[in-house]
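Q: Have a peek at run.cif (mmCIF, C-alpha atoms (C1' of nucleotides)).
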data_entry
loop_
_atom_site.label_atom_id
_atom_site.label_comp_id
_atom_site.auth_asym_id
_atom_site.auth_seq_id
_atom_site.Cartn_x
_atom_site.Cartn_y
_atom_site.Cartn_z
CA MET A 108 91.43 96.78 44.89
CA LYS A 109 90.74 96.03 41.29
CA THR A 110 88.46 98.38 39.51
CA GLU A 111 85.71 97.31 37.18
CA ALA A 112 87.61 98.67 34.17
CA ARG A 113 90.78 96.82 35.12
CA ILE A 114 88.97 93.51 35.36
CA LYS A 115 87.30 94.08 32.02
CA ILE A 116 90.61 94.65 30.28
CA GLU A 117 92.17 91.58 31.89
CA TRP A 118 89.19 89.55 30.88
CA ARG A 119 89.38 90.71 27.28
CA LEU A 120 93.03 89.69 27.09
CA ARG A 121 92.31 86.24 28.52
CA GLU A 122 89.37 85.78 26.15
CA ALA A 123 91.75 86.40 23.30
CA GLU A 124 94.14 83.76 24.68
CA LEU A 125 96.83 86.32 25.21
CA LYS A 126 99.01 85.96 28.28
CA LEU A 127 98.41 88.80 30.66
CA THR A 128 101.58 90.83 30.82
CA PRO A 129 101.90 94.30 32.35
CA GLN A 130 102.86 95.66 28.94
CA ARG A 131 99.82 94.24 27.17
CA PHE A 132 97.58 95.47 29.92
CA ALA A 133 99.09 98.95 29.71
CA VAL A 134 98.72 99.20 25.95
CA LEU A 135 95.12 98.03 25.91
CA GLU A 136 94.23 100.24 28.87
CA TYR A 137 95.86 103.21 27.16
CA LEU A 138 93.93 102.65 23.94
CA THR A 139 90.68 102.12 25.81
CA GLN A 140 91.05 105.49 27.48
CA SER A 141 92.36 107.32 24.43
CA SER A 142 89.77 108.95 22.25
CA GLY A 143 92.16 109.91 19.44
CA HIS A 144 93.84 107.55 17.04
CA PRO A 145 97.38 107.32 18.41
CA THR A 146 100.34 105.95 16.49
CA ALA A 147 102.70 103.32 17.90
CA GLU A 148 105.16 106.14 18.53
CA GLN A 149 102.64 108.15 20.59
CA ILE A 150 101.58 105.10 22.55
CA SER A 151 105.19 104.22 23.26
CA ALA A 152 106.09 107.75 24.37
CA ASP A 153 103.07 108.08 26.66
CA LEU A 154 103.42 104.64 28.22
CA ASN A 155 107.05 105.16 29.04
CA ARG A 156 106.31 108.16 31.22
CA ARG A 157 105.44 105.68 33.98
CA PHE A 158 105.60 102.02 34.92
CA PRO A 159 105.65 99.61 33.19
CA ARG A 160 108.15 100.48 30.52
CA ALA A 161 107.63 98.80 27.19
CA SER A 162 110.31 98.61 24.55
CA ARG A 163 109.57 99.71 21.03
CA ALA A 164 109.46 96.11 19.82
CA THR A 165 106.99 95.19 22.53
CA VAL A 166 104.67 98.03 21.64
CA TYR A 167 104.63 96.80 18.06
CA ASN A 168 104.28 93.14 19.07
CA THR A 169 101.45 93.99 21.39
CA LEU A 170 99.59 96.15 18.90
CA HIS A 171 99.80 93.37 16.33
CA ALA A 172 98.64 90.79 18.83
CA LEU A 173 95.69 92.97 19.85
CA ARG A 174 94.86 93.65 16.23
CA ASP A 175 95.03 89.95 15.28
CA ALA A 176 92.80 89.13 18.23
CA GLY A 177 90.30 91.75 17.07
CA LEU A 178 90.67 93.83 20.24
CA VAL A 179 91.79 96.96 18.43
CA HIS A 180 91.49 98.37 14.93
CA GLU A 181 94.50 99.39 12.89
CA VAL A 182 93.81 102.11 10.34
CA TYR A 183 95.86 103.77 7.64
CA ILE A 184 94.30 107.02 6.53
CA ASP A 185 96.15 109.51 4.36
CA ASP A 186 99.60 108.62 5.55
CA ALA A 187 102.04 105.82 5.97
CA VAL A 188 101.65 105.51 9.72
CA ALA A 189 99.48 102.97 11.47
CA ARG A 190 96.94 104.38 13.90
CA TYR A 191 95.14 102.37 16.55
CA ASP A 192 91.67 102.50 17.97
CA ALA A 193 90.13 100.46 20.78
CA ASN A 194 86.66 101.21 19.45
CA ILE A 195 85.68 97.93 17.83
CA ASP A 196 82.00 98.61 17.39
CA PRO A 197 81.19 99.01 13.70
CA HIS A 198 82.07 102.56 12.83
CA HIS A 199 83.38 104.85 10.15
CA HIS A 200 85.71 107.86 10.04
CA PHE A 201 85.64 111.57 9.44
CA VAL A 202 88.78 113.46 8.40
CA CYS A 203 88.86 117.24 8.71
CA ARG A 204 90.75 118.76 5.80
CA ALA A 205 91.50 121.90 7.84
CA CYS A 206 92.92 120.53 11.09
CA GLY A 207 93.57 116.97 9.98
CA LYS A 208 91.74 115.46 12.92
CA LEU A 209 90.46 111.91 12.51
CA GLU A 210 87.22 111.05 14.29
CA ASP A 211 85.11 107.96 14.70
CA ILE A 212 81.58 108.10 13.35
CA SER A 213 79.25 105.48 14.72
CA ALA A 214 77.43 103.40 12.15
CA ASP A 215 74.22 104.99 13.40
CA ALA A 216 75.41 108.56 12.98
CA LEU A 217 76.29 107.82 9.38
CA GLY A 218 72.65 107.27 8.57
CA ALA A 219 70.88 104.13 7.49
CA GLN A 220 73.43 102.83 5.04
CA THR A 221 72.74 99.30 4.00
CA MET A 222 75.53 96.97 3.01
CA PRO A 223 76.45 97.97 -0.53
CA ARG A 224 75.49 95.43 -3.12
CA ALA A 225 78.17 93.36 -4.87
CA PRO A 226 80.14 95.56 -7.27
CA ALA A 227 80.11 92.82 -9.89
CA PRO A 228 78.69 89.30 -10.25
CA GLY A 229 80.42 86.70 -8.09
CA TYR A 230 81.78 89.18 -5.58
CA ARG A 231 80.93 88.69 -1.94
CA VAL A 232 80.83 91.84 0.19
CA GLU A 233 81.33 91.13 3.88
CA ALA A 234 81.98 94.56 5.34
CA PHE A 235 82.42 98.16 4.38
CA GLU A 236 84.02 101.27 5.81
CA VAL A 237 83.32 104.84 4.91
CA VAL A 238 85.72 107.75 5.17
CA LEU A 239 83.97 111.11 5.20
CA ARG A 240 86.01 114.16 4.26
CA GLY A 241 85.14 117.73 4.97
CA VAL A 242 85.43 120.33 7.69
CA CYS A 243 84.75 119.66 11.36
CA ALA A 244 82.48 121.89 13.46
CA VAL A 245 85.38 123.73 15.11
CA CYS A 246 87.17 124.53 11.84
CA ALA A 247 83.92 125.40 10.07
CA ARG A 248 83.42 128.31 12.46
CA HIS A 249 86.80 129.78 11.51
CA GLU A 250 86.28 129.74 7.77
CA MET B 163 103.57 111.36 -35.16
CA LYS B 164 101.92 112.10 -31.87
CA THR B 165 99.13 109.87 -30.86
CA GLU B 166 95.88 111.07 -29.37
CA ALA B 167 96.77 109.60 -25.98
CA ARG B 168 100.17 111.29 -25.96
CA ILE B 169 98.66 114.69 -26.65
CA LYS B 170 96.09 114.19 -23.94
CA ILE B 171 98.74 113.45 -21.33
CA GLU B 172 100.82 116.45 -22.39
CA TRP B 173 97.77 118.62 -22.22
CA ARG B 174 96.88 117.44 -18.75
CA LEU B 175 100.36 118.27 -17.49
CA ARG B 176 100.26 121.76 -19.00
CA GLU B 177 96.78 122.36 -17.59
CA ALA B 178 98.23 121.62 -14.18
CA GLU B 179 101.03 124.13 -14.78
CA LEU B 180 103.65 121.43 -14.57
CA LYS B 181 106.65 121.68 -16.88
CA LEU B 182 106.58 118.91 -19.39
CA THR B 183 109.56 116.68 -18.67
CA PRO B 184 110.15 113.21 -20.09
CA GLN B 185 110.01 111.79 -16.58
CA ARG B 186 106.67 113.36 -15.73
CA PHE B 187 105.25 112.27 -19.02
CA ALA B 188 106.46 108.72 -18.45
CA VAL B 189 105.02 108.47 -14.95
CA LEU B 190 101.62 109.83 -15.93
CA GLU B 191 101.49 107.66 -19.05
CA TYR B 192 102.42 104.62 -17.00
CA LEU B 193 99.69 105.27 -14.46
CA THR B 194 97.15 105.98 -17.18
CA GLN B 195 97.82 102.60 -18.72
CA SER B 196 98.10 100.70 -15.47
CA SER B 197 94.91 99.18 -14.12
CA GLY B 198 96.34 98.10 -10.77
CA HIS B 199 97.39 100.36 -7.95
CA PRO B 200 101.17 100.41 -8.23
CA THR B 201 103.50 101.62 -5.52
CA ALA B 202 106.30 104.12 -6.14
CA GLU B 203 108.69 101.18 -6.10
CA GLN B 204 106.77 99.31 -8.81
CA ILE B 205 106.48 102.40 -10.95
CA SER B 206 110.17 103.10 -10.58
CA ALA B 207 111.18 99.55 -11.44
CA ASP B 208 108.94 99.38 -14.51
CA LEU B 209 109.89 102.80 -15.85
CA ASN B 210 113.58 102.10 -15.61
CA ARG B 211 113.34 99.15 -17.95
CA ARG B 212 113.43 101.66 -20.79
CA PHE B 213 114.02 105.33 -21.62
CA PRO B 214 113.71 107.71 -19.91
CA ARG B 215 115.30 106.73 -16.65
CA ALA B 216 113.93 108.43 -13.58
CA SER B 217 115.75 108.46 -10.28
CA ARG B 218 113.98 107.40 -7.13
CA ALA B 219 113.70 111.00 -5.95
CA THR B 220 112.16 112.05 -9.26
CA VAL B 221 109.55 109.32 -9.11
CA TYR B 222 108.53 110.54 -5.66
CA ASN B 223 108.67 114.22 -6.65
CA THR B 224 106.58 113.52 -9.72
CA LEU B 225 103.98 111.45 -7.90
CA HIS B 226 103.58 114.22 -5.35
CA ALA B 227 103.32 116.88 -8.04
CA LEU B 228 100.69 114.84 -9.88
CA ARG B 229 98.81 114.19 -6.65
CA ASP B 230 98.89 117.88 -5.64
CA ALA B 231 97.64 118.81 -9.09
CA GLY B 232 94.79 116.32 -8.75
CA LEU B 233 95.95 114.24 -11.71
CA VAL B 234 96.34 111.05 -9.70
CA HIS B 235 94.98 109.65 -6.47
CA GLU B 236 97.23 108.48 -3.66
CA VAL B 237 95.69 105.82 -1.44
CA TYR B 238 96.76 104.03 1.70
CA ILE B 239 94.77 100.90 2.27
CA ASP B 240 95.75 98.32 4.87
CA ASP B 241 99.43 99.03 4.73
CA ALA B 242 102.02 101.70 5.07
CA VAL B 243 102.79 102.00 1.37
CA ALA B 244 101.39 104.67 -0.91
CA ARG B 245 99.58 103.38 -3.97
CA TYR B 246 98.74 105.46 -7.02
CA ASP B 247 95.83 105.51 -9.38
CA ALA B 248 95.27 107.63 -12.47
CA ASN B 249 91.55 107.04 -12.24
CA ILE B 250 90.28 110.36 -10.93
CA ASP B 251 86.61 109.83 -11.60
CA PRO B 252 84.73 109.47 -8.31
CA HIS B 253 85.15 105.89 -7.27
CA HIS B 254 85.51 103.53 -4.33
CA HIS B 255 87.55 100.43 -3.59
CA PHE B 256 87.14 96.72 -3.06
CA VAL B 257 89.74 94.69 -1.18
CA CYS B 258 89.73 90.90 -1.48
CA ARG B 259 90.61 89.31 1.85
CA ALA B 260 91.77 86.15 0.10
CA CYS B 261 94.14 87.42 -2.59
CA GLY B 262 94.62 90.97 -1.30
CA LYS B 263 93.79 92.53 -4.65
CA LEU B 264 92.63 96.15 -4.59
CA GLU B 265 90.10 97.15 -7.24
CA ASP B 266 88.35 100.34 -8.22
CA ILE B 267 84.58 100.36 -7.95
CA SER B 268 82.88 103.09 -9.93
CA ALA B 269 80.48 105.27 -7.99
CA ASP B 270 77.71 103.82 -10.15
CA ALA B 271 78.57 100.20 -9.42
CA LEU B 272 78.37 100.91 -5.71
CA GLY B 273 74.69 101.64 -6.02
CA ALA B 274 72.83 104.86 -5.45
CA GLN B 275 74.61 106.03 -2.35
CA THR B 276 73.82 109.61 -1.55
CA MET B 277 76.32 111.82 0.22
CA PRO B 278 76.13 110.81 3.87
CA ARG B 279 74.56 113.42 6.10
CA ALA B 280 76.70 115.37 8.55
CA PRO B 281 77.81 113.09 11.39
CA ALA B 282 77.12 115.85 13.93
CA PRO B 283 75.83 119.44 13.88
CA GLY B 284 78.23 121.94 12.35
CA TYR B 285 80.14 119.37 10.33
CA ARG B 286 80.43 119.88 6.59
CA VAL B 287 80.81 116.72 4.52
CA GLU B 288 82.40 117.38 1.14
CA ALA B 289 83.28 113.92 -0.09
CA PHE B 290 83.24 110.29 0.94
CA GLU B 291 85.04 107.12 0.02
CA VAL B 292 83.92 103.58 0.65
CA VAL B 293 86.14 100.55 1.08
CA LEU B 294 84.33 97.29 0.51
CA ARG B 295 85.84 94.15 1.98
CA GLY B 296 85.05 90.61 1.01
CA VAL B 297 86.01 88.00 -1.52
CA CYS B 298 86.45 88.67 -5.23
CA ALA B 299 84.80 86.54 -7.91
CA VAL B 300 87.95 84.55 -8.66
CA CYS B 301 88.68 83.70 -5.03
CA ALA B 302 85.02 83.00 -4.27
CA ARG B 303 85.09 80.10 -6.73
CA HIS B 304 87.98 78.47 -4.85
CA GLU B 305 86.39 78.55 -1.40
"C1'" DA C 233 118.70 129.77 -33.02
"C1'" DT C 234 120.63 131.11 -28.66
"C1'" DC C 235 120.50 132.73 -24.07
"C1'" DT C 236 118.88 132.80 -19.42
"C1'" DC C 237 117.22 131.17 -15.27
"C1'" DA C 238 114.08 129.09 -12.34
"C1'" DA C 239 112.35 124.61 -12.16
"C1'" DT C 240 113.65 119.90 -12.38
"C1'" DT C 241 116.59 115.87 -12.02
"C1'" DT C 242 120.09 113.30 -9.85
"C1'" DA C 243 123.01 110.22 -6.64
"C1'" DG C 244 123.49 109.43 -2.42
"C1'" DA C 245 122.91 110.47 2.42
"C1'" DA C 246 119.53 110.87 5.99
"C1'" DC C 247 115.41 109.91 8.22
"C1'" DT C 248 111.21 107.50 10.08
"C1'" DA C 249 108.36 103.71 10.89
"C1'" DT C 250 108.61 99.07 11.36
"C1'" DT C 251 110.55 94.35 11.67
"C1'" DC C 252 114.08 91.17 12.97
"C1'" DT C 253 117.42 88.78 16.13
"C1'" DA C 254 118.98 86.24 19.84
"C1'" DA C 255 119.40 86.31 24.62
"C1'" DA C 256 117.10 87.10 29.15
"C1'" DC C 257 112.84 86.99 31.46
"C1'" DG C 258 108.38 85.75 33.37
"C1'" DA C 259 103.33 83.91 33.23
"C1'" DC C 260 101.09 80.14 34.43
"C1'" DA C 261 99.95 75.06 34.31
"C1'" DA C 262 101.26 71.01 36.64
"C1'" DT D 5 108.10 75.34 43.06
"C1'" DT D 6 109.45 74.29 38.93
"C1'" DG D 7 109.63 73.75 33.84
"C1'" DT D 8 108.13 75.32 29.66
"C1'" DC D 9 107.25 78.14 26.21
"C1'" DG D 10 105.60 82.51 25.09
"C1'" DT D 11 107.09 87.37 25.88
"C1'" DT D 12 110.18 91.21 26.44
"C1'" DT D 13 114.32 93.51 25.43
"C1'" DA D 14 118.19 96.40 23.23
"C1'" DG D 15 119.99 97.03 19.35
"C1'" DA D 16 120.74 95.98 14.51
"C1'" DA D 17 118.51 95.69 10.12
"C1'" DT D 18 115.22 96.87 6.63
"C1'" DA D 19 111.76 99.42 3.75
"C1'" DG D 20 109.74 103.36 2.19
"C1'" DT D 21 110.28 108.04 1.80
"C1'" DT D 22 112.43 112.64 2.15
"C1'" DC D 23 116.36 115.67 2.00
"C1'" DT D 24 120.60 117.90 0.04
"C1'" DA D 25 123.36 120.27 -2.97
"C1'" DA D 26 125.16 120.14 -7.44
"C1'" DA D 27 124.24 119.39 -12.43
"C1'" DT D 28 120.90 119.62 -15.99
"C1'" DT D 29 117.11 121.24 -18.75
"C1'" DG D 30 112.45 123.20 -20.40
"C1'" DA D 31 110.59 127.03 -22.19
"C1'" DG D 32 110.04 132.01 -22.43
"C1'" DA D 33 112.80 136.08 -23.87
"C1'" DT D 34 116.16 137.88 -27.14
#
With the file now loaded, output its structure as structure tokens.

A:
Amino acid sequence: MKTEARIKIEWRLREAELKLTPQRFAVLEYLTQSSGHPTAEQISADLNRRFPRASRATVYNTLHALRDAGLVHEVYIDDAVARYDANIDPHHHFVCRACGKLEDISADALGAQTMPRAPAPGYRVEAFEVVLRGVCAVCARHE
Amino acid sequence: MKTEARIKIEWRLREAELKLTPQRFAVLEYLTQSSGHPTAEQISADLNRRFPRASRATVYNTLHALRDAGLVHEVYIDDAVARYDANIDPHHHFVCRACGKLEDISADALGAQTMPRAPAPGYRVEAFEVVLRGVCAVCARHE
DNA sequence: ATCTCAATTTAGAACTATTCTAAACGACAA
DNA sequence: TTGTCGTTTAGAATAGTTCTAAATTGAGAT
């Protein structure tokens, strides 16, 4: 029996005109369930604990395909490693300087920020992302 | 004769308790004059066109020392390569989706953004950075 | 001016994340 | 069921960065 969640993931892949392979399904399912911001390495290691296996190249190919299709976000924050996030609602990020954790902040939680105005004449601003830096609730208690 | 600018750079290095070496001077001077956001590779290539030479390892060591001392900013935006910026006034960034150019946006030019409120109870927000995405004035004319 | 020594620089090796290659495989339309 | 073309694969290659251990040097002490 196919669960609701399974059908939703399959449907999202088809919508994006991506052939439905077990590897693509597994990567997208993994990211959908993951609340952190895993790297390709973490995704690869976790996936290969069980069927289906996915080679390193496939993990990268798949992540790029999902990114190009807009099904996942790829972010680079503070280091040279790509991190992936299946949360594609508009959102921002919070980085804790104590524990290093990277969290999503919904556009709502950020407060009523309006689209910033053009930084100079002729510029067209289409989107914006905010990175908040500080100390998370857990670390704040230990300081 | 020592120019004003030269003295200022030397003074900034001493302030940061960094020994004044020709290589450190050259890297900081280069970044101070550069308006783009050069990578370690670009800095290395440009510096080695003239005296003093700086080995690859020294360029990296120096950039890290300057970053740790707060004399330069290290940013990762959209790819896995570190970019450096001697502009340490509070500022944000604009990325053109057409030409890929990365530009500084002064905090003023962004508009009167106040520090975002805490995303959840217990969180302490100490700083924030905004990345604007869109089309720059030059590219906008060609679309 | 010279000495001393810890900090810095260096060339090259090593490492990590990512991309490439070319052959085998497999999803899916007909 | 078959043919096609996109996908997966292992392994090699590349790019950016970090490490290593020896040589050099800045700057305070003499």

Q: Measure the distance from atom CA of Lys170 of chain B to atom CA of Leu264 of chain B in Å and round it to one decimal.

A: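 If I compute the distance from atom CA of Lys170 of chain B to atom CA of Leu264 of chain B, I get 26.7 Å.
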
Q: Name every residue that the PyMOL selection byres ((chain D and resi 17-20) around 8) selects in this structure, writing the answer as a PDB file with C-alpha atoms (C1' of nucleotides), in the coordinates of the input with chains first and numbers rising.

A:
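Output contents, as saved in part-v3.pdb:
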ATOM      1  CA  VAL B 243     102.790 102.000   1.370  1.00  0.00           C
TER       2      VAL B 243
ATOM      3  C1'  DT C 251     110.550  94.350  11.670  1.00  0.00           C
ATOM      4  C1'  DC C 252     114.080  91.170  12.970  1.00  0.00           C
TER       5       DC C 252
ATOM      6  C1'  DA D  16     120.740  95.980  14.510  1.00  0.00           C
ATOM      7  C1'  DT D  21     110.280 108.040   1.800  1.00  0.00           C
TER       8       DT D  21
END

Q: Taking all atoms listed in the file into account, which of B:Lys263, B:Arg174, B:His254, B:His304 comes nearest Phe235 of chain A?

A: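 Once distances to Phe235 of chain A are computed over all atoms listed in the file, the minimum belongs to B:His254.
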
Q: Residues of chain A near chain C: apply a cut-off of 8 Å, count only C-alpha atoms (C1' of nucleotides), and supply the list as a list of chain:residue names.

A: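 On the chain A side, the interface is A:Lys126, A:Leu127, A:Thr128, A:Val188.
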
Q: Could you fit chain A onto chain B with a least-squares superposition over all C-alpha atoms, matched one to one in order, and give me the transformed chain as a short mmCIF file (atom, residue, chain, number, x, y, z; two decimals) with C-alpha atoms, in the coordinates of the input?

A:
data_model
loop_
_atom_site.label_atom_id
_atom_site.label_comp_id
_atom_site.auth_asym_id
_atom_site.auth_seq_id
_atom_site.Cartn_x
_atom_site.Cartn_y
_atom_site.Cartn_z
CA MET A 108 103.67 111.20 -35.15
CA LYS A 109 102.00 111.99 -31.89
CA THR A 110 99.19 109.75 -30.88
CA GLU A 111 95.94 110.96 -29.43
CA ALA A 112 96.81 109.51 -26.02
CA ARG A 113 100.21 111.21 -25.99
CA ILE A 114 98.70 114.60 -26.70
CA LYS A 115 96.11 114.12 -23.99
CA ILE A 116 98.74 113.39 -21.38
CA GLU A 117 100.84 116.38 -22.43
CA TRP A 118 97.80 118.55 -22.30
CA ARG A 119 96.88 117.39 -18.81
CA LEU A 120 100.36 118.23 -17.56
CA ARG A 121 100.25 121.71 -19.09
CA GLU A 122 96.77 122.31 -17.67
CA ALA A 123 98.19 121.58 -14.26
CA GLU A 124 101.00 124.10 -14.86
CA LEU A 125 103.60 121.41 -14.62
CA LYS A 126 106.60 121.66 -16.92
CA LEU A 127 106.58 118.85 -19.40
CA THR A 128 109.56 116.67 -18.66
CA PRO A 129 110.15 113.19 -20.08
CA GLN A 130 110.01 111.79 -16.55
CA ARG A 131 106.66 113.36 -15.72
CA PHE A 132 105.26 112.23 -19.02
CA ALA A 133 106.48 108.68 -18.43
CA VAL A 134 105.02 108.46 -14.94
CA LEU A 135 101.62 109.80 -15.93
CA GLU A 136 101.53 107.63 -19.05
CA TYR A 137 102.45 104.59 -16.98
CA LEU A 138 99.70 105.25 -14.45
CA THR A 139 97.16 105.93 -17.17
CA GLN A 140 97.84 102.54 -18.71
CA SER A 141 98.12 100.66 -15.43
CA SER A 142 94.93 99.16 -14.12
CA GLY A 143 96.36 98.09 -10.75
CA HIS A 144 97.38 100.37 -7.93
CA PRO A 145 101.17 100.42 -8.21
CA THR A 146 103.51 101.65 -5.50
CA ALA A 147 106.29 104.16 -6.13
CA GLU A 148 108.70 101.22 -6.06
CA GLN A 149 106.79 99.33 -8.79
CA ILE A 150 106.49 102.43 -10.93
CA SER A 151 110.19 103.13 -10.55
CA ALA A 152 111.20 99.56 -11.40
CA ASP A 153 108.97 99.37 -14.47
CA LEU A 154 109.92 102.79 -15.82
CA ASN A 155 113.60 102.09 -15.55
CA ARG A 156 113.38 99.13 -17.89
CA ARG A 157 113.47 101.65 -20.76
CA PHE A 158 114.07 105.29 -21.56
CA PRO A 159 113.73 107.70 -19.86
CA ARG A 160 115.30 106.71 -16.59
CA ALA A 161 113.92 108.42 -13.54
CA SER A 162 115.72 108.48 -10.23
CA ARG A 163 113.94 107.43 -7.09
CA ALA A 164 113.65 111.03 -5.92
CA THR A 165 112.12 112.06 -9.22
CA VAL A 166 109.51 109.34 -9.07
CA TYR A 167 108.49 110.58 -5.64
CA ASN A 168 108.62 114.25 -6.66
CA THR A 169 106.55 113.53 -9.72
CA LEU A 170 103.95 111.47 -7.90
CA HIS A 171 103.53 114.24 -5.35
CA ALA A 172 103.27 116.87 -8.04
CA LEU A 173 100.65 114.84 -9.90
CA ARG A 174 98.77 114.20 -6.69
CA ASP A 175 98.83 117.89 -5.68
CA ALA A 176 97.59 118.81 -9.14
CA GLY A 177 94.74 116.32 -8.79
CA LEU A 178 95.92 114.22 -11.74
CA VAL A 179 96.32 111.04 -9.72
CA HIS A 180 94.95 109.65 -6.48
CA GLU A 181 97.19 108.49 -3.67
CA VAL A 182 95.66 105.81 -1.46
CA TYR A 183 96.76 104.06 1.70
CA ILE A 184 94.79 100.89 2.26
CA ASP A 185 95.81 98.32 4.85
CA ASP A 186 99.50 99.04 4.72
CA ALA A 187 102.08 101.71 5.06
CA VAL A 188 102.81 102.04 1.36
CA ALA A 189 101.37 104.68 -0.91
CA ARG A 190 99.58 103.39 -3.99
CA TYR A 191 98.72 105.48 -7.02
CA ASP A 192 95.81 105.51 -9.39
CA ALA A 193 95.25 107.62 -12.50
CA ASN A 194 91.51 107.04 -12.24
CA ILE A 195 90.26 110.37 -10.93
CA ASP A 196 86.58 109.87 -11.59
CA PRO A 197 84.72 109.52 -8.30
CA HIS A 198 85.14 105.93 -7.26
CA HIS A 199 85.51 103.58 -4.34
CA HIS A 200 87.56 100.46 -3.60
CA PHE A 201 87.14 96.76 -3.09
CA VAL A 202 89.76 94.72 -1.21
CA CYS A 203 89.74 90.94 -1.53
CA ARG A 204 90.63 89.34 1.78
CA ALA A 205 91.80 86.16 0.01
CA CYS A 206 94.16 87.46 -2.67
CA GLY A 207 94.63 90.98 -1.38
CA LYS A 208 93.80 92.57 -4.70
CA LEU A 209 92.63 96.18 -4.63
CA GLU A 210 90.09 97.20 -7.27
CA ASP A 211 88.34 100.38 -8.23
CA ILE A 212 84.56 100.42 -7.97
CA SER A 213 82.86 103.15 -9.92
CA ALA A 214 80.47 105.32 -7.96
CA ASP A 215 77.69 103.88 -10.11
CA ALA A 216 78.54 100.26 -9.41
CA LEU A 217 78.37 100.96 -5.70
CA GLY A 218 74.68 101.69 -5.97
CA ALA A 219 72.82 104.91 -5.41
CA GLN A 220 74.61 106.09 -2.31
CA THR A 221 73.81 109.65 -1.47
CA MET A 222 76.30 111.84 0.32
CA PRO A 223 76.10 110.81 3.96
CA ARG A 224 74.55 113.39 6.19
CA ALA A 225 76.70 115.33 8.67
CA PRO A 226 77.79 113.04 11.51
CA ALA A 227 77.13 115.79 14.04
CA PRO A 228 75.83 119.37 14.02
CA GLY A 229 78.23 121.88 12.49
CA TYR A 230 80.15 119.33 10.45
CA ARG A 231 80.41 119.86 6.72
CA VAL A 232 80.79 116.72 4.62
CA GLU A 233 82.37 117.39 1.24
CA ALA A 234 83.25 113.94 -0.01
CA PHE A 235 83.23 110.32 0.99
CA GLU A 236 85.03 107.13 0.04
CA VAL A 237 83.93 103.60 0.66
CA VAL A 238 86.16 100.58 1.07
CA LEU A 239 84.34 97.31 0.49
CA ARG A 240 85.87 94.16 1.94
CA GLY A 241 85.08 90.64 0.96
CA VAL A 242 86.03 88.02 -1.59
CA CYS A 243 86.47 88.72 -5.29
CA ALA A 244 84.81 86.60 -7.98
CA VAL A 245 87.97 84.62 -8.75
CA CYS A 246 88.70 83.74 -5.11
CA ALA A 247 85.03 83.03 -4.37
CA ARG A 248 85.11 80.14 -6.84
CA HIS A 249 88.00 78.51 -4.97
CA GLU A 250 86.42 78.58 -1.54
#

Q: Any idea what's packed within 10 Å of Val257 of chain B, counting only C-alpha atoms (C1' of nucleotides), ignoring anything in its chain fewer than 6 positions away? Could you give it as a ChimeraX atom specification?

A: /A:232,235 /B:239-240,263-266,293-298

Q: Just give me the gap between atom CA of Pro252 of chain B and atom CA of Val234 of chain B in Å, one decimal is fine.

A: 11.8 Å

Q: Show me a table, sorted first by chain and then by increasing residue number, of the residues of chain A having an atom at most 9 Å from chain D, each with its shortest atom pair and the distance in Å to one decimal, counting all atoms listed in the file and written as CSV.

A:
residue,atom,partner,partner_atom,distance
A:Lys126,CA,D:DG10,C1',8.1
A:Thr128,CA,D:DT11,C1',8.2
A:Gln130,CA,D:DT12,C1',8.9
A:Ala161,CA,D:DT12,C1',8.0
A:Ser162,CA,D:DT13,C1',6.5
A:Arg163,CA,D:DT13,C1',9.0
A:Ala164,CA,D:DT13,C1',7.9
A:Thr165,CA,D:DT12,C1',6.4
A:Ala187,CA,D:DG20,C1',8.9

Q: Report, in Å with one decimal, the straight-line distance from atom CA of Arg211 of chain B to atom CA of Thr224 of chain B.

A: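 Value for the atom CA of Arg211 of chain B-atom CA of Thr224 of chain B distance: 17.9 Å.
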
Q: Just so the selection is clear, what residues does the PyMOL selection byres ((chain A) within 9 of (chain B)) cover here, as a PyMOL selection string?

A: chain A and resi 181-189+201+212-213+216-218+220+223-248

Q: Go ahead and write the selection's residues with C-alpha atoms as a compact mmCIF listing (two decimals), keeping the file's coordinate frame.

A:
# COMPACT_ATOMS: atom_id res chain seq x y z
CA GLU A 181 94.50 99.39 12.89
CA VAL A 182 93.81 102.11 10.34
CA TYR A 183 95.86 103.77 7.64
CA ILE A 184 94.30 107.02 6.53
CA ASP A 185 96.15 109.51 4.36
CA ASP A 186 99.60 108.62 5.55
CA ALA A 187 102.04 105.82 5.97
CA VAL A 188 101.65 105.51 9.72
CA ALA A 189 99.48 102.97 11.47
CA PHE A 201 85.64 111.57 9.44
CA ILE A 212 81.58 108.10 13.35
CA SER A 213 79.25 105.48 14.72
CA ALA A 216 75.41 108.56 12.98
CA LEU A 217 76.29 107.82 9.38
CA GLY A 218 72.65 107.27 8.57
CA GLN A 220 73.43 102.83 5.04
CA PRO A 223 76.45 97.97 -0.53
CA ARG A 224 75.49 95.43 -3.12
CA ALA A 225 78.17 93.36 -4.87
CA PRO A 226 80.14 95.56 -7.27
CA ALA A 227 80.11 92.82 -9.89
CA PRO A 228 78.69 89.30 -10.25
CA GLY A 229 80.42 86.70 -8.09
CA TYR A 230 81.78 89.18 -5.58
CA ARG A 231 80.93 88.69 -1.94
CA VAL A 232 80.83 91.84 0.19
CA GLU A 233 81.33 91.13 3.88
CA ALA A 234 81.98 94.56 5.34
CA PHE A 235 82.42 98.16 4.38
CA GLU A 236 84.02 101.27 5.81
CA VAL A 237 83.32 104.84 4.91
CA VAL A 238 85.72 107.75 5.17
CA LEU A 239 83.97 111.11 5.20
CA ARG A 240 86.01 114.16 4.26
CA GLY A 241 85.14 117.73 4.97
CA VAL A 242 85.43 120.33 7.69
CA CYS A 243 84.75 119.66 11.36
CA ALA A 244 82.48 121.89 13.46
CA VAL A 245 85.38 123.73 15.11
CA CYS A 246 87.17 124.53 11.84
CA ALA A 247 83.92 125.40 10.07
CA ARG A 248 83.42 128.31 12.46
